[in-house]
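A.B. asks: Dropping in protein-v1.pdb, with PDB, C-alpha atoms (C1' of nucleotides).
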MODEL        1
ATOM      1  CA  MET A   1      32.288  10.991 -14.517
ATOM      2  CA  ASN A   2      29.436   8.644 -15.332
ATOM      3  CA  ILE A   3      26.867   7.407 -12.866
ATOM      4  CA  SER A   4      28.515   4.080 -12.105
ATOM      5  CA  GLN A   5      31.754   5.791 -11.151
ATOM      6  CA  ALA A   6      29.881   8.223  -8.909
ATOM      7  CA  ALA A   7      28.004   5.316  -7.365
ATOM      8  CA  LYS A   8      31.215   3.458  -6.718
ATOM      9  CA  LEU A   9      32.938   6.432  -5.124
ATOM     10  CA  SER A  10      29.988   7.234  -2.927
ATOM     11  CA  GLY A  11      29.277   3.650  -1.973
ATOM     12  CA  LEU A  12      25.714   3.824  -3.236
ATOM     13  CA  SER A  13      23.972   1.783  -5.899
ATOM     14  CA  VAL A  14      23.488   3.206  -9.376
ATOM     15  CA  LYS A  15      19.756   2.929  -8.864
ATOM     16  CA  THR A  16      19.954   4.935  -5.683
ATOM     17  CA  VAL A  17      22.111   7.635  -7.237
ATOM     18  CA  ARG A  18      19.673   7.942 -10.118
ATOM     19  CA  TYR A  19      16.868   8.095  -7.602
ATOM     20  CA  TYR A  20      18.564  10.985  -5.809
ATOM     21  CA  ALA A  21      18.761  12.760  -9.144
ATOM     22  CA  ASP A  22      15.056  12.104  -9.791
ATOM     23  CA  ILE A  23      14.020  13.613  -6.483
ATOM     24  CA  LYS A  24      16.297  16.596  -7.137
ATOM     25  CA  MET A  25      18.632  15.971  -4.262
ATOM     26  CA  VAL A  26      21.809  15.645  -6.282
ATOM     27  CA  GLU A  27      21.295  16.844  -9.823
ATOM     28  CA  PRO A  28      24.332  16.248 -12.016
ATOM     29  CA  ALA A  29      25.099  17.916 -15.320
ATOM     30  CA  ARG A  30      24.206  16.114 -18.523
ATOM     31  CA  ASN A  31      26.315  15.104 -21.433
ATOM     32  CA  ILE A  32      24.489  16.730 -24.334
ATOM     33  CA  GLN A  33      25.581  14.115 -26.869
ATOM     34  CA  SER A  34      24.591  11.030 -24.948
ATOM     35  CA  GLY A  35      22.169  12.321 -22.365
ATOM     36  CA  TYR A  36      24.245  10.551 -19.716
ATOM     37  CA  ARG A  37      24.426  12.070 -16.263
ATOM     38  CA  SER A  38      27.810  13.633 -15.618
ATOM     39  CA  TYR A  39      28.919  13.787 -11.982
ATOM     40  CA  SER A  40      31.452  16.253 -10.602
ATOM     41  CA  ASN A  41      33.593  15.683  -7.526
ATOM     42  CA  ASP A  42      31.278  18.048  -5.749
ATOM     43  CA  ASP A  43      28.293  15.901  -6.645
ATOM     44  CA  VAL A  44      30.105  12.863  -5.307
ATOM     45  CA  ALA A  45      30.843  14.715  -2.066
ATOM     46  CA  LYS A  46      27.141  15.390  -1.701
ATOM     47  CA  LEU A  47      26.308  11.770  -2.398
ATOM     48  CA  ASN A  48      28.785  10.760   0.257
ATOM     49  CA  PHE A  49      27.257  13.186   2.672
ATOM     50  CA  ILE A  50      23.792  11.851   2.029
ATOM     51  CA  GLY A  51      24.947   8.272   2.248
ATOM     52  CA  LYS A  52      26.373   8.883   5.698
ATOM     53  CA  ALA A  53      23.380  10.831   6.894
ATOM     54  CA  ARG A  54      21.116   8.018   5.716
ATOM     55  CA  ARG A  55      23.238   5.498   7.548
ATOM     56  CA  PHE A  56      22.765   7.747  10.603
ATOM     57  CA  ASN A  57      19.091   7.164  10.071
ATOM     58  CA  PHE A  58      18.213  10.645   8.890
ATOM     59  CA  SER A  59      15.230  10.602   6.544
ATOM     60  CA  ILE A  60      15.462  11.915   3.012
ATOM     61  CA  GLU A  61      13.768  15.129   4.090
ATOM     62  CA  GLU A  62      16.186  15.524   6.966
ATOM     63  CA  CYS A  63      19.031  14.864   4.571
ATOM     64  CA  ARG A  64      17.731  17.668   2.423
ATOM     65  CA  GLU A  65      17.790  19.983   5.433
ATOM     66  CA  LEU A  66      21.273  18.903   6.452
ATOM     67  CA  LEU A  67      22.480  19.233   2.891
ATOM     68  CA  SER A  68      21.251  22.779   2.619
ATOM     69  CA  LEU A  69      22.913  23.578   5.949
ATOM     70  CA  TYR A  70      26.040  21.864   4.698
ATOM     71  CA  GLN A  71      26.027  23.981   1.558
ATOM     72  CA  ASP A  72      25.259  27.194   3.416
ATOM     73  CA  LYS A  73      28.552  28.641   4.535
ATOM     74  CA  ASN A  74      26.769  31.097   6.848
ATOM     75  CA  ARG A  75      24.709  28.573   8.767
ATOM     76  CA  SER A  76      24.956  28.242  12.524
ATOM     77  CA  SER A  77      25.866  24.988  14.200
ATOM     78  CA  LYS A  78      22.843  25.420  16.474
ATOM     79  CA  GLU A  79      20.397  24.201  13.863
ATOM     80  CA  VAL A  80      22.441  21.150  13.039
ATOM     81  CA  LYS A  81      22.842  20.293  16.695
ATOM     82  CA  LYS A  82      19.125  20.621  17.258
ATOM     83  CA  LEU A  83      18.337  18.290  14.384
ATOM     84  CA  THR A  84      20.859  15.778  15.643
ATOM     85  CA  LEU A  85      19.631  15.879  19.226
ATOM     86  CA  ALA A  86      16.108  15.198  18.026
ATOM     87  CA  LYS A  87      17.430  12.262  16.041
ATOM     88  CA  ILE A  88      19.191  10.887  19.100
ATOM     89  CA  ALA A  89      15.994  11.173  21.101
ATOM     90  CA  SER A  90      14.071   9.203  18.523
ATOM     91  CA  ILE A  91      16.784   6.561  18.446
ATOM     92  CA  ASP A  92      16.557   6.293  22.233
ATOM     93  CA  GLU A  93      12.845   5.806  21.920
ATOM     94  CA  LYS A  94      13.354   3.004  19.411
ATOM     95  CA  LEU A  95      16.003   1.450  21.641
ATOM     96  CA  ARG A  96      13.601   1.366  24.562
ATOM     97  CA  GLU A  97      10.939  -0.274  22.434
ATOM     98  CA  PHE A  98      13.264  -2.905  21.069
ATOM     99  CA  HIS A  99      14.688  -3.654  24.492
ATOM    100  CA  SER A 100      11.327  -4.331  26.040
ATOM    101  CA  LEU A 101      10.303  -6.318  23.013
ATOM    102  CA  ARG A 102      13.393  -8.420  23.291
ATOM    103  CA  ASP A 103      12.884  -8.984  26.994
ATOM    104  CA  GLU A 104       9.324 -10.105  26.556
ATOM    105  CA  LEU A 105      10.139 -12.437  23.713
ATOM    106  CA  SER A 106      13.096 -14.041  25.448
ATOM    107  CA  HIS A 107      11.001 -14.537  28.534
ATOM    108  CA  LEU A 108       8.465 -16.401  26.423
ATOM    109  CA  VAL A 109      11.149 -18.469  24.746
ATOM    110  CA  ASN A 110      12.542 -19.490  28.101
ATOM    111  CA  CYS A 111       9.151 -20.781  29.156
ATOM    112  CA  CYS A 112       8.668 -22.786  25.975
ATOM    113  CA  ASN A 113       9.712 -26.430  25.850
ATOM    114  CA  GLY A 114      10.343 -26.289  22.146
ATOM    115  CA  ASP A 115       9.461 -29.932  21.683
ATOM    116  CA  ASP A 116       6.949 -31.818  19.558
ATOM    117  CA  ARG A 117       4.076 -31.299  21.897
ATOM    118  CA  PRO A 118       1.444 -28.709  21.037
ATOM    119  CA  SER A 119       1.679 -26.881  24.356
ATOM    120  CA  CYS A 120       3.365 -23.532  23.740
ATOM    121  CA  PRO A 121       3.441 -20.567  26.114
ATOM    122  CA  ILE A 122       4.366 -18.234  23.285
ATOM    123  CA  LEU A 123       1.129 -18.866  21.477
ATOM    124  CA  ASP A 124      -0.702 -18.875  24.783
ATOM    125  CA  GLU A 125       0.590 -15.408  25.483
ATOM    126  CA  LEU A 126      -0.226 -14.132  22.023
ATOM    127  CA  SER A 127      -3.783 -15.368  22.285
ATOM    128  CA  LYS A 128      -4.509 -13.689  25.608
TER     129      LYS A 128
ATOM    130  CA  MET B   1     -20.669  -7.535  15.748
ATOM    131  CA  ASN B   2     -19.785  -4.782  13.287
ATOM    132  CA  ILE B   3     -16.296  -3.793  12.328
ATOM    133  CA  SER B   4     -15.952  -0.856  14.700
ATOM    134  CA  GLN B   5     -16.819  -3.050  17.660
ATOM    135  CA  ALA B   6     -14.288  -5.638  16.560
ATOM    136  CA  ALA B   7     -11.719  -2.907  16.089
ATOM    137  CA  LYS B   8     -12.399  -1.546  19.550
ATOM    138  CA  LEU B   9     -12.150  -4.935  21.229
ATOM    139  CA  SER B  10      -8.952  -5.818  19.430
ATOM    140  CA  GLY B  11      -7.349  -2.428  19.847
ATOM    141  CA  LEU B  12      -6.858  -1.997  16.118
ATOM    142  CA  SER B  13      -8.155   0.682  13.798
ATOM    143  CA  VAL B  14     -11.158   0.009  11.589
ATOM    144  CA  LYS B  15      -8.961   0.570   8.573
ATOM    145  CA  THR B  16      -6.499  -2.022   9.779
ATOM    146  CA  VAL B  17      -9.181  -4.574  10.531
ATOM    147  CA  ARG B  18     -10.641  -4.069   7.076
ATOM    148  CA  TYR B  19      -7.154  -4.408   5.655
ATOM    149  CA  TYR B  20      -6.703  -7.748   7.411
ATOM    150  CA  ALA B  21      -9.939  -8.880   5.824
ATOM    151  CA  ASP B  22      -8.745  -7.720   2.397
ATOM    152  CA  ILE B  23      -5.533  -9.719   2.648
ATOM    153  CA  LYS B  24      -7.515 -12.727   3.851
ATOM    154  CA  MET B  25      -5.980 -12.918   7.271
ATOM    155  CA  VAL B  26      -9.178 -12.541   9.250
ATOM    156  CA  GLU B  27     -12.214 -12.990   7.042
ATOM    157  CA  PRO B  28     -15.461 -12.307   8.867
ATOM    158  CA  ALA B  29     -18.929 -13.379   7.805
ATOM    159  CA  ARG B  30     -21.114 -10.904   5.950
ATOM    160  CA  ASN B  31     -24.531  -9.561   6.735
ATOM    161  CA  ILE B  32     -26.454 -10.398   3.584
ATOM    162  CA  GLN B  33     -28.854  -7.477   3.936
ATOM    163  CA  SER B  34     -26.326  -4.731   4.449
ATOM    164  CA  GLY B  35     -23.121  -6.246   3.189
ATOM    165  CA  TYR B  36     -21.501  -5.238   6.472
ATOM    166  CA  ARG B  37     -18.739  -7.412   7.865
ATOM    167  CA  SER B  38     -19.915  -9.434  10.843
ATOM    168  CA  TYR B  39     -17.243 -10.399  13.382
ATOM    169  CA  SER B  40     -17.479 -13.328  15.785
ATOM    170  CA  ASN B  41     -15.668 -13.565  19.109
ATOM    171  CA  ASP B  42     -13.345 -15.973  17.425
ATOM    172  CA  ASP B  43     -12.509 -13.408  14.781
ATOM    173  CA  VAL B  44     -11.780 -10.880  17.492
ATOM    174  CA  ALA B  45      -9.490 -13.375  19.221
ATOM    175  CA  LYS B  46      -7.545 -13.720  15.989
ATOM    176  CA  LEU B  47      -7.340  -9.962  15.594
ATOM    177  CA  ASN B  48      -6.011  -9.738  19.114
ATOM    178  CA  PHE B  49      -3.476 -12.397  18.391
ATOM    179  CA  ILE B  50      -2.295 -10.598  15.275
ATOM    180  CA  GLY B  51      -2.210  -7.259  17.026
ATOM    181  CA  LYS B  52       0.094  -8.665  19.682
ATOM    182  CA  ALA B  53       2.298 -10.462  17.219
ATOM    183  CA  ARG B  54       2.638  -7.259  15.193
ATOM    184  CA  ARG B  55       3.570  -5.361  18.321
ATOM    185  CA  PHE B  56       6.189  -8.085  18.842
ATOM    186  CA  ASN B  57       7.494  -7.027  15.468
ATOM    187  CA  PHE B  58       6.453 -10.104  13.575
ATOM    188  CA  SER B  59       5.752  -9.331   9.914
ATOM    189  CA  ILE B  60       2.389  -9.990   8.354
ATOM    190  CA  GLU B  61       3.733 -13.149   6.749
ATOM    191  CA  GLU B  62       5.121 -14.318  10.077
ATOM    192  CA  CYS B  63       1.783 -13.524  11.668
ATOM    193  CA  ARG B  64       0.153 -15.729   9.075
ATOM    194  CA  GLU B  65       2.504 -18.561  10.042
ATOM    195  CA  LEU B  66       1.945 -18.053  13.749
ATOM    196  CA  LEU B  67      -1.778 -17.847  13.234
ATOM    197  CA  SER B  68      -1.871 -21.141  11.395
ATOM    198  CA  LEU B  69       0.217 -22.713  14.157
ATOM    199  CA  TYR B  70      -2.118 -21.162  16.681
ATOM    200  CA  GLN B  71      -5.102 -22.644  14.952
ATOM    201  CA  ASP B  72      -3.483 -26.037  14.514
ATOM    202  CA  LYS B  73      -4.169 -27.997  17.662
ATOM    203  CA  ASN B  74      -1.600 -30.626  16.687
ATOM    204  CA  ARG B  75       1.312 -28.282  16.100
ATOM    205  CA  SER B  76       4.563 -28.659  17.997
ATOM    206  CA  SER B  77       5.989 -25.854  20.076
ATOM    207  CA  LYS B  78       9.332 -26.347  18.321
ATOM    208  CA  GLU B  79       8.296 -24.418  15.240
ATOM    209  CA  VAL B  80       6.985 -21.508  17.231
ATOM    210  CA  LYS B  81      10.116 -21.373  19.327
ATOM    211  CA  LYS B  82      12.277 -21.395  16.227
ATOM    212  CA  LEU B  83      10.368 -18.508  14.685
ATOM    213  CA  THR B  84      10.614 -16.559  17.914
ATOM    214  CA  LEU B  85      14.314 -17.169  18.373
ATOM    215  CA  ALA B  86      14.949 -15.905  14.868
ATOM    216  CA  LYS B  87      12.916 -12.836  15.695
ATOM    217  CA  ILE B  88      14.964 -12.227  18.828
ATOM    218  CA  ALA B  89      18.155 -12.526  16.828
ATOM    219  CA  SER B  90      16.988  -9.915  14.355
ATOM    220  CA  ILE B  91      15.973  -7.618  17.191
ATOM    221  CA  ASP B  92      19.432  -8.013  18.682
ATOM    222  CA  GLU B  93      20.918  -7.074  15.349
ATOM    223  CA  LYS B  94      18.764  -3.941  15.203
ATOM    224  CA  LEU B  95      19.694  -3.113  18.793
ATOM    225  CA  ARG B  96      23.372  -3.287  17.954
ATOM    226  CA  GLU B  97      22.901  -0.998  14.966
ATOM    227  CA  PHE B  98      20.924   1.545  16.914
ATOM    228  CA  HIS B  99      23.369   1.507  19.786
ATOM    229  CA  SER B 100      26.362   2.252  17.618
ATOM    230  CA  LEU B 101      24.372   4.851  15.735
ATOM    231  CA  ARG B 102      23.451   6.524  18.956
ATOM    232  CA  ASP B 103      26.994   6.473  20.241
ATOM    233  CA  GLU B 104      28.364   8.032  17.093
ATOM    234  CA  LEU B 105      25.741  10.740  16.990
ATOM    235  CA  SER B 106      26.087  11.666  20.642
ATOM    236  CA  HIS B 107      29.835  11.835  20.228
ATOM    237  CA  LEU B 108      29.323  14.309  17.416
ATOM    238  CA  VAL B 109      26.858  16.345  19.423
ATOM    239  CA  ASN B 110      29.283  16.590  22.301
ATOM    240  CA  CYS B 111      31.898  18.042  19.995
ATOM    241  CA  CYS B 112      29.539  20.630  18.552
ATOM    242  CA  ASN B 113      29.352  24.109  20.081
ATOM    243  CA  GLY B 114      25.770  24.572  19.006
ATOM    244  CA  ASP B 115      26.160  28.309  18.671
ATOM    245  CA  ASP B 116      25.621  30.774  15.855
ATOM    246  CA  ARG B 117      28.948  30.161  14.227
ATOM    247  CA  PRO B 118      29.099  28.061  11.078
ATOM    248  CA  SER B 119      31.726  25.684  12.427
ATOM    249  CA  CYS B 120      30.051  22.334  13.064
ATOM    250  CA  PRO B 121      31.791  19.015  13.619
ATOM    251  CA  ILE B 122      28.593  17.120  12.794
ATOM    252  CA  LEU B 123      28.564  18.419   9.260
ATOM    253  CA  ASP B 124      32.323  18.045   9.086
ATOM    254  CA  GLU B 125      31.987  14.389   9.929
ATOM    255  CA  LEU B 126      29.169  13.848   7.472
ATOM    256  CA  SER B 127      31.153  15.425   4.681
ATOM    257  CA  LYS B 128      34.252  13.274   5.212
TER     258      LYS B 128
ATOM    259  C1'  DT C   1     -42.090  10.006   9.948
ATOM    260  C1'  DA C   2     -38.631  12.795   8.043
ATOM    261  C1'  DT C   3     -34.195  13.977   8.376
ATOM    262  C1'  DA C   4     -29.669  14.172  10.043
ATOM    263  C1'  DA C   5     -25.712  11.900  11.831
ATOM    264  C1'  DA C   6     -22.961   7.990  12.321
ATOM    265  C1'  DG C   7     -21.294   3.879  10.549
ATOM    266  C1'  DT C   8     -20.044   1.038   6.638
ATOM    267  C1'  DC C   9     -18.930  -0.184   1.934
ATOM    268  C1'  DT C  10     -15.566  -0.168  -2.244
ATOM    269  C1'  DC C  11     -11.996   1.734  -4.722
ATOM    270  C1'  DC C  12      -8.105   4.630  -5.563
ATOM    271  C1'  DA C  13      -4.070   7.084  -4.166
ATOM    272  C1'  DG C  14      -0.300   8.094  -1.119
ATOM    273  C1'  DT C  15       3.280   6.968   2.216
ATOM    274  C1'  DT C  16       9.130   5.686   2.434
ATOM    275  C1'  DA C  17      13.152   4.954   0.053
ATOM    276  C1'  DC C  18      14.288   2.614  -2.843
ATOM    277  C1'  DT C  19      14.655  -1.919  -6.145
ATOM    278  C1'  DG C  20      13.766  -4.732 -10.258
ATOM    279  C1'  DG C  21      12.774  -5.133 -14.907
ATOM    280  C1'  DA C  22      11.598  -3.997 -19.825
ATOM    281  C1'  DA C  23      12.636  -1.663 -23.875
ATOM    282  C1'  DT C  24      15.832   1.162 -25.942
ATOM    283  C1'  DG C  25      19.904   4.021 -26.868
ATOM    284  C1'  DT C  26      25.157   4.979 -26.487
ATOM    285  C1'  DA C  27      30.066   3.890 -25.804
ATOM    286  C1'  DA C  28      33.999   1.103 -25.642
ATOM    287  C1'  DA C  29      36.558  -3.157 -26.831
ATOM    288  C1'  DG C  30      37.875  -6.781 -29.901
TER     289       DG C  30
ATOM    290  C1'  DC D   1      31.338  -4.368 -37.333
ATOM    291  C1'  DT D   2      29.667  -6.732 -33.776
ATOM    292  C1'  DT D   3      29.499  -7.836 -29.090
ATOM    293  C1'  DT D   4      29.405  -6.267 -24.575
ATOM    294  C1'  DA D   5      28.976  -2.994 -21.077
ATOM    295  C1'  DC D   6      26.821   0.871 -19.561
ATOM    296  C1'  DA D   7      23.327   4.340 -19.863
ATOM    297  C1'  DT D   8      18.511   6.149 -20.394
ATOM    298  C1'  DT D   9      13.312   6.384 -19.254
ATOM    299  C1'  DC D  10       9.250   4.490 -17.514
ATOM    300  C1'  DC D  11       6.391   1.349 -14.988
ATOM    301  C1'  DA D  12       5.500  -1.660 -11.182
ATOM    302  C1'  DG D  13       6.336  -3.555  -6.697
ATOM    303  C1'  DT D  14       7.814  -3.542  -1.808
ATOM    304  C1'  DA D  15       5.349  -3.329   3.689
ATOM    305  C1'  DA D  16       1.661  -2.315   6.147
ATOM    306  C1'  DC D  17      -1.158   0.402   6.386
ATOM    307  C1'  DT D  18      -3.692   5.366   6.107
ATOM    308  C1'  DG D  19      -6.603   8.918   4.040
ATOM    309  C1'  DG D  20     -10.223  10.340   1.257
ATOM    310  C1'  DA D  21     -14.140  10.260  -2.181
ATOM    311  C1'  DG D  22     -18.630   8.815  -3.246
ATOM    312  C1'  DA D  23     -22.340   5.885  -2.201
ATOM    313  C1'  DC D  24     -25.177   3.057   0.772
ATOM    314  C1'  DT D  25     -27.241   1.457   5.493
ATOM    315  C1'  DT D  26     -28.429   2.002  10.132
ATOM    316  C1'  DT D  27     -29.438   4.608  14.150
ATOM    317  C1'  DA D  28     -30.778   8.720  16.683
ATOM    318  C1'  DT D  29     -33.082  12.943  17.032
ATOM    319  C1'  DA D  30     -36.836  16.393  16.105
TER     320       DA D  30
ENDMDL
END
Please re-express this file's structure in structure tokens.
C.D. replies:
Amino acid sequence: MNISQAAKLSGLSVKTVRYYADIKMVEPARNIQSGYRSYSNDDVAKLNFIGKARRFNFSIEECRELLSLYQDKNRSSKEVKKLTLAKIASIDEKLREFHSLRDELSHLVNCCNGDDRPSCPILDELSK
Amino acid sequence: MNISQAAKLSGLSVKTVRYYADIKMVEPARNIQSGYRSYSNDDVAKLNFIGKARRFNFSIEECRELLSLYQDKNRSSKEVKKLTLAKIASIDEKLREFHSLRDELSHLVNCCNGDDRPSCPILDELSK
DNA sequence: TATAAAGTCTCCAGTTACTGGAATGTAAAG
DNA sequence: CTTTACATTCCAGTAACTGGAGACTTTATA
């Protein structure tokens, strides 16, 4: 199938699918006549896989790792679990950051009149 | 003072401070002899302000807005509050995403043996 | 005072993961 | 046969820096 079909089935944009071909992550066959990329069902499965992994916040490099594990029928689940646990830890870290950020900001907002006067505790805090 | 002093006082890297000068956010005076950037206390205050706002996840463009509000003695607190509330909303959005991400991943991890066998529900899920 | 080390300058390239657009070629529909 | 849709490559831009090269200035040491 052509690239737009593969994009549709995998839920990615054509640009993105072409990008994944460029960086040699999913390299489809080529139609010799037209030069068009020709995607197999297998290619689409990989695109799907990558799309999900990306949505799970794995980086492209991590996707590459996962993909090679995914394609290796003799891999152990240990490696995958390790990668995933590390990802969870980094998400937890981000969650902590965002939570404290949110708390600080909403505290500031609560102290701010939000009227037409220039006095503003948010700016006061930022300038400390 | 020279750039490294300003960087130290503001808690930013020299590279970052120079970058802020390049993008005309904090433009210090210049020593005519040496061509070195010469930072005033006022400049450092602005750098501080920006550093905090960045840590609060405001973008450079938002920092520019906040900075101009900060420097405008006749501004109203309404605008600042609005900007901040929008920021909180986007943080909440990110928090929701990360939470559901985390939940899904930890569910997968709990189902995975993590041994030397190839069976792995994480990869199974990704390949669906 | 000579020299070495530290600090600073500009400019260019790289990062991440795409996205947009131009110019051009191919395929399908009317 | 022409229009339209889809495809190709290549180049540039995004955000917010960071790293490094090569050259210049200032400061510290011998």
A.B. asks: Quick one: pull the distance between atom CA of Leu101 of chain B and atom CA of Lys8 of chain A, Å, one decimal.
C.D. replies: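 A separation of 23.5 Å between them.
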A.B. asks: On this file, the PyMOL selection byres ((chain C) within 9 of (chain A)) gives some set of residues; write that set as a PyMOL selection string.
C.D. replies: chain C and resi 16-19+25-26
A.B. asks: Report as a list in words all protein, DNA and RNA residues lying within 10 Å of DA28 of chain D, evaluated on all atoms listed in the file, omitting residues in the same chain fewer than 5 positions from it.
C.D. replies: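 The residues satisfying every condition are DA4, DA5 and DA6 of chain C.
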A.B. asks: Kindly determine which residues of chain D lie within 12 Å of chain B, considering all atoms listed in the file, and give the answer as an NGL selection string.
C.D. replies: :D and (15-19 or 24-26)
A.B. asks: Would you translate the PyMOL selection byres ((chain A) within 9 of (chain B)) into the concrete set of residues it matches in this file, as a PDB file with C-alpha atoms, in the frame of the given file?
C.D. replies:
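File selection20.pdb, as written:
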ATOM      1  CA  ALA A  45      30.843  14.715  -2.066  1.00  0.00           C
ATOM      2  CA  LYS A  46      27.141  15.390  -1.701  1.00  0.00           C
ATOM      3  CA  ASN A  48      28.785  10.760   0.257  1.00  0.00           C
ATOM      4  CA  PHE A  49      27.257  13.186   2.672  1.00  0.00           C
ATOM      5  CA  ILE A  50      23.792  11.851   2.029  1.00  0.00           C
ATOM      6  CA  GLY A  51      24.947   8.272   2.248  1.00  0.00           C
ATOM      7  CA  LYS A  52      26.373   8.883   5.698  1.00  0.00           C
ATOM      8  CA  ALA A  53      23.380  10.831   6.894  1.00  0.00           C
ATOM      9  CA  ARG A  55      23.238   5.498   7.548  1.00  0.00           C
ATOM     10  CA  PHE A  56      22.765   7.747  10.603  1.00  0.00           C
ATOM     11  CA  ASN A  57      19.091   7.164  10.071  1.00  0.00           C
ATOM     12  CA  LEU A  66      21.273  18.903   6.452  1.00  0.00           C
ATOM     13  CA  LEU A  67      22.480  19.233   2.891  1.00  0.00           C
ATOM     14  CA  LEU A  69      22.913  23.578   5.949  1.00  0.00           C
ATOM     15  CA  TYR A  70      26.040  21.864   4.698  1.00  0.00           C
ATOM     16  CA  ASP A  72      25.259  27.194   3.416  1.00  0.00           C
ATOM     17  CA  LYS A  73      28.552  28.641   4.535  1.00  0.00           C
ATOM     18  CA  ASN A  74      26.769  31.097   6.848  1.00  0.00           C
ATOM     19  CA  ARG A  75      24.709  28.573   8.767  1.00  0.00           C
ATOM     20  CA  SER A  76      24.956  28.242  12.524  1.00  0.00           C
ATOM     21  CA  SER A  77      25.866  24.988  14.200  1.00  0.00           C
ATOM     22  CA  LYS A  78      22.843  25.420  16.474  1.00  0.00           C
ATOM     23  CA  GLU A  79      20.397  24.201  13.863  1.00  0.00           C
ATOM     24  CA  VAL A  80      22.441  21.150  13.039  1.00  0.00           C
ATOM     25  CA  LYS A  81      22.842  20.293  16.695  1.00  0.00           C
ATOM     26  CA  LYS A  82      19.125  20.621  17.258  1.00  0.00           C
ATOM     27  CA  THR A  84      20.859  15.778  15.643  1.00  0.00           C
ATOM     28  CA  LEU A  85      19.631  15.879  19.226  1.00  0.00           C
ATOM     29  CA  LYS A  87      17.430  12.262  16.041  1.00  0.00           C
ATOM     30  CA  ILE A  88      19.191  10.887  19.100  1.00  0.00           C
ATOM     31  CA  ILE A  91      16.784   6.561  18.446  1.00  0.00           C
ATOM     32  CA  ASP A  92      16.557   6.293  22.233  1.00  0.00           C
ATOM     33  CA  LYS A  94      13.354   3.004  19.411  1.00  0.00           C
ATOM     34  CA  LEU A  95      16.003   1.450  21.641  1.00  0.00           C
ATOM     35  CA  PHE A  98      13.264  -2.905  21.069  1.00  0.00           C
ATOM     36  CA  HIS A  99      14.688  -3.654  24.492  1.00  0.00           C
ATOM     37  CA  LEU A 101      10.303  -6.318  23.013  1.00  0.00           C
ATOM     38  CA  ARG A 102      13.393  -8.420  23.291  1.00  0.00           C
ATOM     39  CA  GLU A 104       9.324 -10.105  26.556  1.00  0.00           C
ATOM     40  CA  LEU A 105      10.139 -12.437  23.713  1.00  0.00           C
ATOM     41  CA  SER A 106      13.096 -14.041  25.448  1.00  0.00           C
ATOM     42  CA  LEU A 108       8.465 -16.401  26.423  1.00  0.00           C
ATOM     43  CA  VAL A 109      11.149 -18.469  24.746  1.00  0.00           C
ATOM     44  CA  CYS A 112       8.668 -22.786  25.975  1.00  0.00           C
ATOM     45  CA  ASN A 113       9.712 -26.430  25.850  1.00  0.00           C
ATOM     46  CA  GLY A 114      10.343 -26.289  22.146  1.00  0.00           C
ATOM     47  CA  ASP A 115       9.461 -29.932  21.683  1.00  0.00           C
ATOM     48  CA  ASP A 116       6.949 -31.818  19.558  1.00  0.00           C
ATOM     49  CA  ARG A 117       4.076 -31.299  21.897  1.00  0.00           C
ATOM     50  CA  PRO A 118       1.444 -28.709  21.037  1.00  0.00           C
ATOM     51  CA  SER A 119       1.679 -26.881  24.356  1.00  0.00           C
ATOM     52  CA  CYS A 120       3.365 -23.532  23.740  1.00  0.00           C
ATOM     53  CA  PRO A 121       3.441 -20.567  26.114  1.00  0.00           C
ATOM     54  CA  ILE A 122       4.366 -18.234  23.285  1.00  0.00           C
ATOM     55  CA  LEU A 123       1.129 -18.866  21.477  1.00  0.00           C
ATOM     56  CA  ASP A 124      -0.702 -18.875  24.783  1.00  0.00           C
ATOM     57  CA  GLU A 125       0.590 -15.408  25.483  1.00  0.00           C
ATOM     58  CA  LEU A 126      -0.226 -14.132  22.023  1.00  0.00           C
ATOM     59  CA  SER A 127      -3.783 -15.368  22.285  1.00  0.00           C
ATOM     60  CA  LYS A 128      -4.509 -13.689  25.608  1.00  0.00           C
TER      61      LYS A 128
END
A.B. asks: To one decimal place in Å, what is the distance between atom CA of Ala6 of chain A and atom CA of Asn31 of chain A?
C.D. replies: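 Value for the atom CA of Ala6 of chain A-atom CA of Asn31 of chain A distance: 14.7 Å.
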